[in-house]
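As structure tokens, the structure follows; a few thoughts come after it.
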Amino acid sequence: MFLDEQIANLSRRIKNIEANPRPDLMKSNKLRYEIELDSMLHAAEAWKAGKPFAILGGVEILNLPLGFEQQGYVEWGDRARAPERYMNIAVNKFGWSEHTCDRTLAALGLLLSGEVPMPRVMSSRRMPCEPERWSLMAAAKYAGILFFEVDRLNSIGEQNLRTVADHMAELIEFCEKSVPGIKFDESRLVELLEMDDQATKYLRATYDLRKKEPCPIGPQDAFRLIRMPSRHHDPPKVLEYCKMFSEEMLERSDKNMSGVKEENLRIAWLATGPFGRGTFDLLAKKGVSLPWFHYGLGPQTFGVMHDDYGEDKIYGRKLKPLEEVVRTWHANVWGADAATWVDPLVTVCRDLKIDAVVDFMQVGCRTTNSMRWITAKRLKDELGIPTLDLEGRELYATESAQQEMNRKLEEFLDMCIANKKAGKAKVK
Ligand code: SF4
């Protein structure tokens with residue numbers, strides 16, 4: 001069963017960190033895994049007690065203020081030890097398309113497997129990731145769960161802010177009317193927005209530290225997404241982790257610590273990546289640092305862009321709490337036009353002295369595939385940086401496909417390292 005498997009796996013990882021601390025990885029990972037373990041234990045208990053869960057895709061921050069228990073969707077599918085098991089349920093049992101992003105397939109199959117709580121309400125929104133939206137819709141339809149979709153306009157201005165906030169208010173009303181005991185608490189939402197804002201401040205303090213050569217964070221740690229406090233049943237614990245992460249980066253930078261023995265190359269990795277394929281060990285082995293992982297909220301989270309909580313300059317007025325939630329949508333650089341995605345990337349690559357870029361082409365991810373040409377062209381034209389379009393699947397890949405992917409990556413890295421060394425030699 002998924003939750004039992006996760007609890008056993010996370011407990012083993014924590015014990016392993018205690019028994020074999022690795023200087024190339026962050027010490028704060030232990031707290032990170034403890035938080036994950038805590039959330040799995042909490043979900044298992046709440047499920048047993050019959051508490052109501054919800055999957056509010058894209059507006060997860062409303063979960064706690066509504067009084068729902070937190071349940072992951074794609075995040076849980078990503079953690080599955082044997083994702084094929086869940087993909088088979090989605091594809092073979094329910095007839096879902098096989099040729100879409102495997103993260104959204106695993107999430108769908110996991111929900112339909114009966115191994116996780118059945119949420120009382122599901123919602124999606126017109127989000128940057130279409131396969132995720134379709135997967136959420138399909139899950140609700142196949143499982144007969146109440147469903148609500150939050151709409152938006154085709155712009156990100158003031159009008160959209162109001163429209164989406166009004167639609168979210170309708171979602172809240174829908175949940176209150178449909179599930180006994182559910183009641184929205186706006187002050188709780190404000191508390192969570194403030195905590196997320198504080199977490200963002202801690203994380204922003206790490207941006208300048210990434211400029212340092214060698215980069216103080218290792219490739220594997222740079223790739224880990226940091227979930228905001230509002231997404232966990234115990235938000236202060238996540239805030240504590242963000243603080244610890246930030247302080248540890250500073251300490252590593254002061255002590256000249258790095259995640260690689262000798263830094264031969266600095267790369268940025270885009271969009272998403274292969275989990276558990278030895279890819280990040282390959283980077284570390286070759287002395288390749290990963291100062292930047294470029295994803296939708298990365299530029300806002302780490303302070304490359306600013307559209308901050310409580311800030312009234314952009315909209316010319318103080319925003320209401322639900323409008324503050326929409327502000328975070330507006331700050332997402334993923335899935336809009338290519339300039340929105342590439343502009344901050346160019347800034348980051350310049351700031352962090354990036355030598356090369358790997359654009360991970362997840363099979364079935366329409367957004368990545370449609371932006372690949374512009375991304376590579378602009379990086380080459382404006383910064384002279386090469387880009388590798390690396391095709392792969394995140395969770396489900398055959399042994400030979402994995403080997404082929406790592407072979408292409410290694411070839412590209414070797415070429416970039418050789419070019420960098422030759423360039424340095426010429427300068428001397
Ligand atoms: S890889 Fe692409 S399609 Fe898959 S979940 Fe991420 S954004 Fe969506």
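Letters A, B, ... mark the chains of the structure tokens in the order given; residue numbers begin at 1 per chain; ligand numbers begin at 1, in order shown.
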Point to revise | 12 Å contact set for Arg327 of chain A, only C-alpha atoms, chain neighbours under 6 positions out, as a PyMOL selection string | key: chain A and resi 59+156-162+164-165+193+297+300+306-312+314-315+318-321
Within 12 Å of Thr368 of chain A using only C-alpha atoms, minus same-chain residues under 2 positions, as an mmCIF file with C-alpha atoms, in the first residue's frame:
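Saved file around_29.cif follows:
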data_model
loop_
_atom_site.group_PDB
_atom_site.id
_atom_site.type_symbol
_atom_site.label_atom_id
_atom_site.label_comp_id
_atom_site.auth_asym_id
_atom_site.auth_seq_id
_atom_site.Cartn_x
_atom_site.Cartn_y
_atom_site.Cartn_z
ATOM 1 C CA CYS A 101 3.328 12.853 -19.201
ATOM 2 C CA PRO A 128 0.061 25.938 -17.182
ATOM 3 C CA CYS A 129 0.221 22.136 -17.252
ATOM 4 C CA GLU A 130 -2.630 20.805 -19.368
ATOM 5 C CA LEU A 270 15.034 23.186 -17.078
ATOM 6 C CA ALA A 271 11.477 22.218 -16.349
ATOM 7 C CA THR A 272 11.590 18.759 -14.827
ATOM 8 C CA GLY A 273 13.895 15.786 -14.712
ATOM 9 C CA HIS A 294 14.433 26.518 -13.716
ATOM 10 C CA TYR A 295 10.750 25.798 -12.981
ATOM 11 C CA GLY A 296 7.503 27.805 -12.964
ATOM 12 C CA TRP A 334 5.674 28.284 -16.898
ATOM 13 C CA GLY A 335 3.229 27.705 -19.726
ATOM 14 C CA ALA A 336 2.814 31.307 -20.831
ATOM 15 C CA ASP A 337 4.533 32.797 -23.881
ATOM 16 C CA ALA A 338 8.170 31.877 -24.441
ATOM 17 C CA TRP A 341 9.851 31.634 -19.536
ATOM 18 C CA VAL A 342 13.137 32.607 -21.167
ATOM 19 C CA VAL A 358 19.901 21.027 -20.173
ATOM 20 C CA ASP A 359 16.276 21.307 -21.293
ATOM 21 C CA PHE A 360 14.527 18.145 -20.145
ATOM 22 C CA MET A 361 11.933 17.085 -22.721
ATOM 23 C CA GLN A 362 9.433 15.068 -20.785
ATOM 24 C CA VAL A 363 7.481 12.840 -23.178
ATOM 25 C CA GLY A 364 3.925 14.210 -23.414
ATOM 26 C CA CYS A 365 4.758 17.596 -21.853
ATOM 27 C CA ARG A 366 3.401 19.947 -24.476
ATOM 28 C CA SER A 370 6.641 23.966 -27.656
ATOM 29 C CA MET A 371 9.244 26.274 -26.082
ATOM 30 C CA ARG A 372 12.395 24.301 -26.844
ATOM 31 C CA TRP A 373 13.490 26.137 -30.032
ATOM 32 C CA ILE A 374 13.121 29.648 -28.686
ATOM 33 C CA THR A 375 14.856 28.718 -25.435
ATOM 34 C CA ALA A 376 17.900 27.225 -27.184
ATOM 35 C CA ASP A 389 17.334 18.949 -25.506
ATOM 36 C CA LEU A 390 17.289 15.780 -23.429
ATOM 37 C CA GLU A 391 14.275 13.606 -24.064
ATOM 38 C CA GLY A 392 13.119 11.177 -21.406
#
Check your understanding: Residues at most 10 Å from segment 28-45 of chain A, counting only C-alpha atoms, excluding those fewer than 3 positions away in the same chain, as a ChimeraX atom specification?
Key -> /A:2-11,13-18,21,25,48-51,53,69-72,76,116-117,221,224,226-227,232-235,237-238,240-249
Residues just named, written with N, CA and C atoms as a CSV table (one decimal), in the first residue's frame:
chain,number,residue,atom,x,y,z
A,2,PHE,N,0.4,2.2,-0.7
A,2,PHE,CA,1.3,3.4,-1.0
A,2,PHE,C,1.8,4.1,0.3
A,3,LEU,N,0.8,4.4,1.2
A,3,LEU,CA,1.2,5.2,2.4
A,3,LEU,C,2.2,4.4,3.3
A,4,ASP,N,1.9,3.1,3.5
A,4,ASP,CA,2.8,2.2,4.3
A,4,ASP,C,4.2,2.2,3.6
A,5,GLU,N,4.2,2.0,2.3
A,5,GLU,CA,5.5,2.0,1.6
A,5,GLU,C,6.3,3.3,1.8
A,6,GLN,N,5.6,4.4,1.7
A,6,GLN,CA,6.2,5.7,1.9
A,6,GLN,C,6.8,5.9,3.3
A,7,ILE,N,6.0,5.4,4.3
A,7,ILE,CA,6.4,5.6,5.7
A,7,ILE,C,7.7,4.7,5.9
A,8,ALA,N,7.7,3.5,5.4
A,8,ALA,CA,8.9,2.7,5.5
A,8,ALA,C,10.1,3.3,4.8
A,9,ASN,N,9.8,3.7,3.6
A,9,ASN,CA,10.9,4.3,2.8
A,9,ASN,C,11.5,5.5,3.4
A,10,LEU,N,10.7,6.4,3.9
A,10,LEU,CA,11.2,7.7,4.5
A,10,LEU,C,11.9,7.4,5.8
A,11,SER,N,11.4,6.4,6.6
A,11,SER,CA,12.0,6.1,7.9
A,11,SER,C,13.4,5.5,7.6
A,13,ARG,N,15.3,6.2,5.0
A,13,ARG,CA,16.2,7.3,4.5
A,13,ARG,C,16.7,8.1,5.7
A,14,ILE,N,15.8,8.4,6.6
A,14,ILE,CA,16.3,9.2,7.8
A,14,ILE,C,17.3,8.5,8.5
A,15,LYS,N,17.1,7.2,8.7
A,15,LYS,CA,18.1,6.4,9.5
A,15,LYS,C,19.4,6.4,8.7
A,16,ASN,N,19.3,6.3,7.4
A,16,ASN,CA,20.5,6.2,6.5
A,16,ASN,C,21.3,7.5,6.6
A,17,ILE,N,20.6,8.7,6.7
A,17,ILE,CA,21.3,10.0,6.8
A,17,ILE,C,22.0,10.1,8.1
A,18,GLU,N,21.3,9.5,9.2
A,18,GLU,CA,21.9,9.6,10.5
A,18,GLU,C,23.2,8.7,10.5
A,21,PRO,N,26.3,10.3,7.2
A,21,PRO,CA,26.1,11.7,6.7
A,21,PRO,C,27.1,12.0,5.6
A,25,LEU,N,25.9,16.5,0.5
A,25,LEU,CA,24.5,16.8,0.5
A,25,LEU,C,24.2,17.7,1.8
A,48,LYS,N,-7.7,7.0,8.6
A,48,LYS,CA,-8.3,6.0,9.5
A,48,LYS,C,-9.5,6.6,10.3
A,49,ALA,N,-9.3,7.9,10.6
A,49,ALA,CA,-10.3,8.5,11.5
A,49,ALA,C,-11.5,9.0,10.6
A,50,GLY,N,-11.4,8.8,9.3
A,50,GLY,CA,-12.5,9.2,8.4
A,50,GLY,C,-12.6,10.7,8.2
A,51,LYS,N,-11.5,11.5,8.3
A,51,LYS,CA,-11.6,12.9,8.1
A,51,LYS,C,-11.7,13.2,6.6
A,53,PHE,N,-10.8,14.6,3.0
A,53,PHE,CA,-9.6,15.1,2.2
A,53,PHE,C,-10.1,15.8,1.0
A,69,GLU,N,-8.2,17.8,5.0
A,69,GLU,CA,-6.9,17.2,5.1
A,69,GLU,C,-6.1,17.3,3.8
A,70,GLN,N,-4.8,17.4,3.9
A,70,GLN,CA,-3.9,17.6,2.7
A,70,GLN,C,-3.7,16.2,2.1
A,71,GLN,N,-3.8,16.2,0.8
A,71,GLN,CA,-3.5,15.0,0.0
A,71,GLN,C,-2.7,15.3,-1.2
A,72,GLY,N,-1.6,14.7,-1.5
A,72,GLY,CA,-0.9,15.0,-2.7
A,72,GLY,C,-1.5,14.4,-4.0
A,76,TRP,N,2.4,13.0,-4.9
A,76,TRP,CA,2.4,11.6,-4.4
A,76,TRP,C,2.7,10.6,-5.5
A,116,VAL,N,-5.0,5.1,-1.6
A,116,VAL,CA,-4.9,6.5,-0.9
A,116,VAL,C,-6.3,6.9,-0.6
A,117,PRO,N,-6.5,7.9,0.3
A,117,PRO,CA,-7.8,8.3,0.6
A,117,PRO,C,-8.6,8.8,-0.7
A,221,ASP,N,20.7,18.3,-4.5
A,221,ASP,CA,20.0,19.2,-3.7
A,221,ASP,C,19.4,20.3,-4.4
A,224,ARG,N,15.9,19.6,-5.8
A,224,ARG,CA,14.7,19.3,-4.9
A,224,ARG,C,13.8,20.5,-4.9
A,226,ILE,N,11.1,22.9,-3.2
A,226,ILE,CA,10.8,23.2,-1.8
A,226,ILE,C,9.3,23.6,-1.7
A,227,ARG,N,8.6,22.8,-1.0
A,227,ARG,CA,7.2,23.0,-0.9
A,227,ARG,C,6.9,24.1,0.2
A,232,HIS,N,1.4,22.0,3.8
A,232,HIS,CA,1.7,20.9,4.8
A,232,HIS,C,0.7,21.1,6.0
A,233,HIS,N,0.4,20.0,6.6
A,233,HIS,CA,-0.6,20.2,7.7
A,233,HIS,C,0.1,20.9,8.9
A,234,ASP,N,1.4,20.9,9.0
A,234,ASP,CA,2.1,21.6,10.1
A,234,ASP,C,3.0,22.7,9.5
A,235,PRO,N,2.4,23.8,9.0
A,235,PRO,CA,3.2,24.8,8.3
A,235,PRO,C,4.4,25.4,9.0
A,237,LYS,N,6.6,24.0,10.7
A,237,LYS,CA,7.7,23.0,10.5
A,237,LYS,C,8.4,23.2,9.2
A,238,VAL,N,7.6,23.5,8.2
A,238,VAL,CA,8.2,23.7,6.8
A,238,VAL,C,8.9,25.1,6.8
A,240,GLU,N,10.4,26.4,9.3
A,240,GLU,CA,11.7,26.1,10.1
A,240,GLU,C,12.7,25.5,9.1
A,241,TYR,N,12.2,24.5,8.2
A,241,TYR,CA,13.1,23.9,7.2
A,241,TYR,C,13.7,25.0,6.3
A,242,CYS,N,12.8,25.9,5.8
A,242,CYS,CA,13.3,26.9,4.8
A,242,CYS,C,14.4,27.7,5.5
A,243,LYS,N,14.2,28.1,6.8
A,243,LYS,CA,15.2,28.9,7.5
A,243,LYS,C,16.5,28.1,7.6
A,244,MET,N,16.4,26.8,8.0
A,244,MET,CA,17.6,26.0,8.2
A,244,MET,C,18.3,25.8,6.8
A,245,PHE,N,17.6,25.6,5.7
A,245,PHE,CA,18.2,25.4,4.4
A,245,PHE,C,19.0,26.7,4.0
A,246,SER,N,18.4,27.8,4.3
A,246,SER,CA,19.0,29.1,3.9
A,246,SER,C,20.3,29.3,4.8
A,247,GLU,N,20.2,29.1,6.1
A,247,GLU,CA,21.4,29.2,6.9
A,247,GLU,C,22.5,28.3,6.6
A,248,GLU,N,22.1,27.1,6.2
A,248,GLU,CA,23.1,26.1,5.9
A,248,GLU,C,23.8,26.4,4.6
A,249,MET,N,23.1,27.0,3.6
A,249,MET,CA,23.7,27.4,2.4
A,249,MET,C,24.8,28.5,2.7
**Study point:** atom CA of Pro23 of chain A to atom CA of Pro216 of chain A, straight-line distance in Å
**Key:**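 So the two atoms, atom CA of Pro216 of chain A and atom CA of Pro23 of chain A, lie 10.9 Å apart.
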Practice item. Determine which residues of segment 170-367 of chain A receive a DSSP assignment of alpha helix (DSSP H), computed from the backbone, and state them as a ChimeraX atom specification. Key: /A:170-178,186-204,219-223,235-254,279-285,298-301,321-330,338-351,366-367
Polymer residues at most 6 Å from Gly287 of chain A, only C-alpha atoms, same-chain spacing of 2 or more positions, as a short mmCIF file (atom, residue, chain, number, x, y, z; two decimals) with N, CA and C atoms, in the first residue's frame:
data_model
loop_
_atom_site.label_atom_id
_atom_site.label_comp_id
_atom_site.auth_asym_id
_atom_site.auth_seq_id
_atom_site.Cartn_x
_atom_site.Cartn_y
_atom_site.Cartn_z
N VAL A 260 30.31 19.10 -5.42
CA VAL A 260 31.16 18.34 -6.34
C VAL A 260 32.62 18.50 -5.90
N GLU A 262 35.46 18.79 -7.73
CA GLU A 262 36.11 19.89 -8.44
C GLU A 262 35.08 20.42 -9.44
N GLU A 263 34.81 21.72 -9.44
CA GLU A 263 33.76 22.24 -10.31
C GLU A 263 34.30 22.46 -11.72
N ASN A 264 33.89 21.59 -12.64
CA ASN A 264 34.35 21.69 -14.03
C ASN A 264 33.37 22.43 -14.93
N ALA A 284 27.52 14.85 -10.47
CA ALA A 284 28.49 15.03 -9.38
C ALA A 284 29.83 14.39 -9.76
N LYS A 285 29.77 13.20 -10.36
CA LYS A 285 31.01 12.49 -10.73
C LYS A 285 31.84 13.31 -11.73
#
Exercise for review: Considering only C-alpha atoms, return as a ChimeraX atom specification whatever protein or nucleic-acid residues lie within 7 Å of Leu105 of chain A, sequence-local ones (same chain, fewer than 3 positions apart) excluded.
Suggested key: /A:87,90,101-102,108-109
Can you write just those residues out, N, CA and C atoms, as an mmCIF file, in the first residue's frame?
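What follows is the written file part19.cif:
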data_model
loop_
_atom_site.group_PDB
_atom_site.id
_atom_site.type_symbol
_atom_site.label_atom_id
_atom_site.label_comp_id
_atom_site.auth_asym_id
_atom_site.auth_seq_id
_atom_site.Cartn_x
_atom_site.Cartn_y
_atom_site.Cartn_z
ATOM 1 N N MET A 87 0.442 3.352 -13.421
ATOM 2 C CA MET A 87 0.224 3.693 -14.829
ATOM 3 C C MET A 87 -0.615 2.621 -15.516
ATOM 4 N N ALA A 90 -4.224 3.253 -14.818
ATOM 5 C CA ALA A 90 -4.782 4.369 -15.609
ATOM 6 C C ALA A 90 -4.960 3.968 -17.076
ATOM 7 N N CYS A 101 2.298 12.761 -20.245
ATOM 8 C CA CYS A 101 3.328 12.853 -19.201
ATOM 9 C C CYS A 101 3.119 11.769 -18.138
ATOM 10 N N ASP A 102 4.181 11.017 -17.845
ATOM 11 C CA ASP A 102 3.986 9.881 -16.931
ATOM 12 C C ASP A 102 3.714 10.290 -15.479
ATOM 13 N N LEU A 108 -2.895 9.663 -11.545
ATOM 14 C CA LEU A 108 -4.261 9.199 -11.838
ATOM 15 C C LEU A 108 -4.449 7.747 -11.371
ATOM 16 N N GLY A 109 -3.503 6.893 -11.748
ATOM 17 C CA GLY A 109 -3.605 5.475 -11.372
ATOM 18 C C GLY A 109 -3.544 5.288 -9.865
#
**Study point:** Shell of 12 Å around Asn88 of chain A, only C-alpha atoms, local chain residues under 5 positions omitted, as an NGL selection string
**Key:** :A and (82-83 or 93-98 or 102 or 105-110 or 112-113 or 396)
**Study point:** Interatomic distance (Å, one decimal) between atom CA of Lys211 of chain A and atom CA of Asp351 of chain A
**Key:**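 It comes out at 6.8 Å.
If you look at atom CA of His167 of chain A and atom CA of Glu149 of chain A, they are 8.9 Å away from each other.
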Review point. Which of these residues is nearest to ligand 1, using only C-alpha atoms and all ligand atoms: A:Asn20, A:Ser135, A:Ser187, A:Asn92?
Key: A:Ser135
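Comparing the minimum interatomic distances between ligand 1 and each of A:Glu132, A:Asp281, A:Glu323, A:Asp185, counting only C-alpha atoms and all ligand atoms, we find that A:Glu132 sits nearest.
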Check your understanding: Which residue gives the smallest distance to ligand 1 among A:Tyr73, A:Phe68, A:Phe148, A:Trp292, with only C-alpha atoms and all ligand atoms counted?
Key ->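 Ranking A:Tyr73, A:Phe68, A:Phe148, A:Trp292 by distance to ligand 1, first place goes to A:Tyr73.
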Leaving out Met118 of chain A and any residue of its chain fewer than 6 positions from it, which residues lie within 10 Å of it when counting only C-alpha atoms, given as a JSON list (two decimals) with C-alpha atoms, in the first residue's frame?
[["chain", "number", "residue", "atom", "x", "y", "z"],
["A", 47, "TRP", "CA", -7.77, 8.51, 6.71],
["A", 52, "PRO", "CA", -12.39, 14.69, 4.80],
["A", 53, "PHE", "CA", -9.60, 15.05, 2.24],
["A", 54, "ALA", "CA", -9.58, 17.31, -0.82],
["A", 55, "ILE", "CA", -7.37, 17.69, -3.87],
["A", 71, "GLN", "CA", -3.46, 14.96, 0.03],
["A", 111, "LEU", "CA", -5.84, 7.75, -6.92],
["A", 112, "LEU", "CA", -7.88, 5.05, -8.68],
["A", 140, "ALA", "CA", -12.87, 12.95, -10.52],
["A", 143, "ALA", "CA", -14.05, 7.93, -9.27],
["A", 144, "GLY", "CA", -17.33, 9.90, -9.08],
["A", 145, "ILE", "CA", -15.85, 12.68, -6.93]]
Review point. Counting only C-alpha atoms and all ligand atoms, which of A:Pro119, A:Pro65, A:Gly259, A:Pro274 gets nearest to ligand 1?
Key: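 Looking at the shortest contact to ligand 1, the residue is A:Pro274.
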Exercise for review: Go through A:Thr206, A:Thr367, A:Ser258, A:Thr347 and flag the residue nearest ligand 1, using only C-alpha atoms and all ligand atoms for the distances.
Suggested key: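 Ranked by minimum distance to ligand 1, first place goes to A:Thr367.
Compared by their closest atoms to ligand 1, and using only C-alpha atoms and all ligand atoms, the residues A:Glu394, A:Glu251, A:Asp24, A:Glu410 rank with A:Glu394 nearest.
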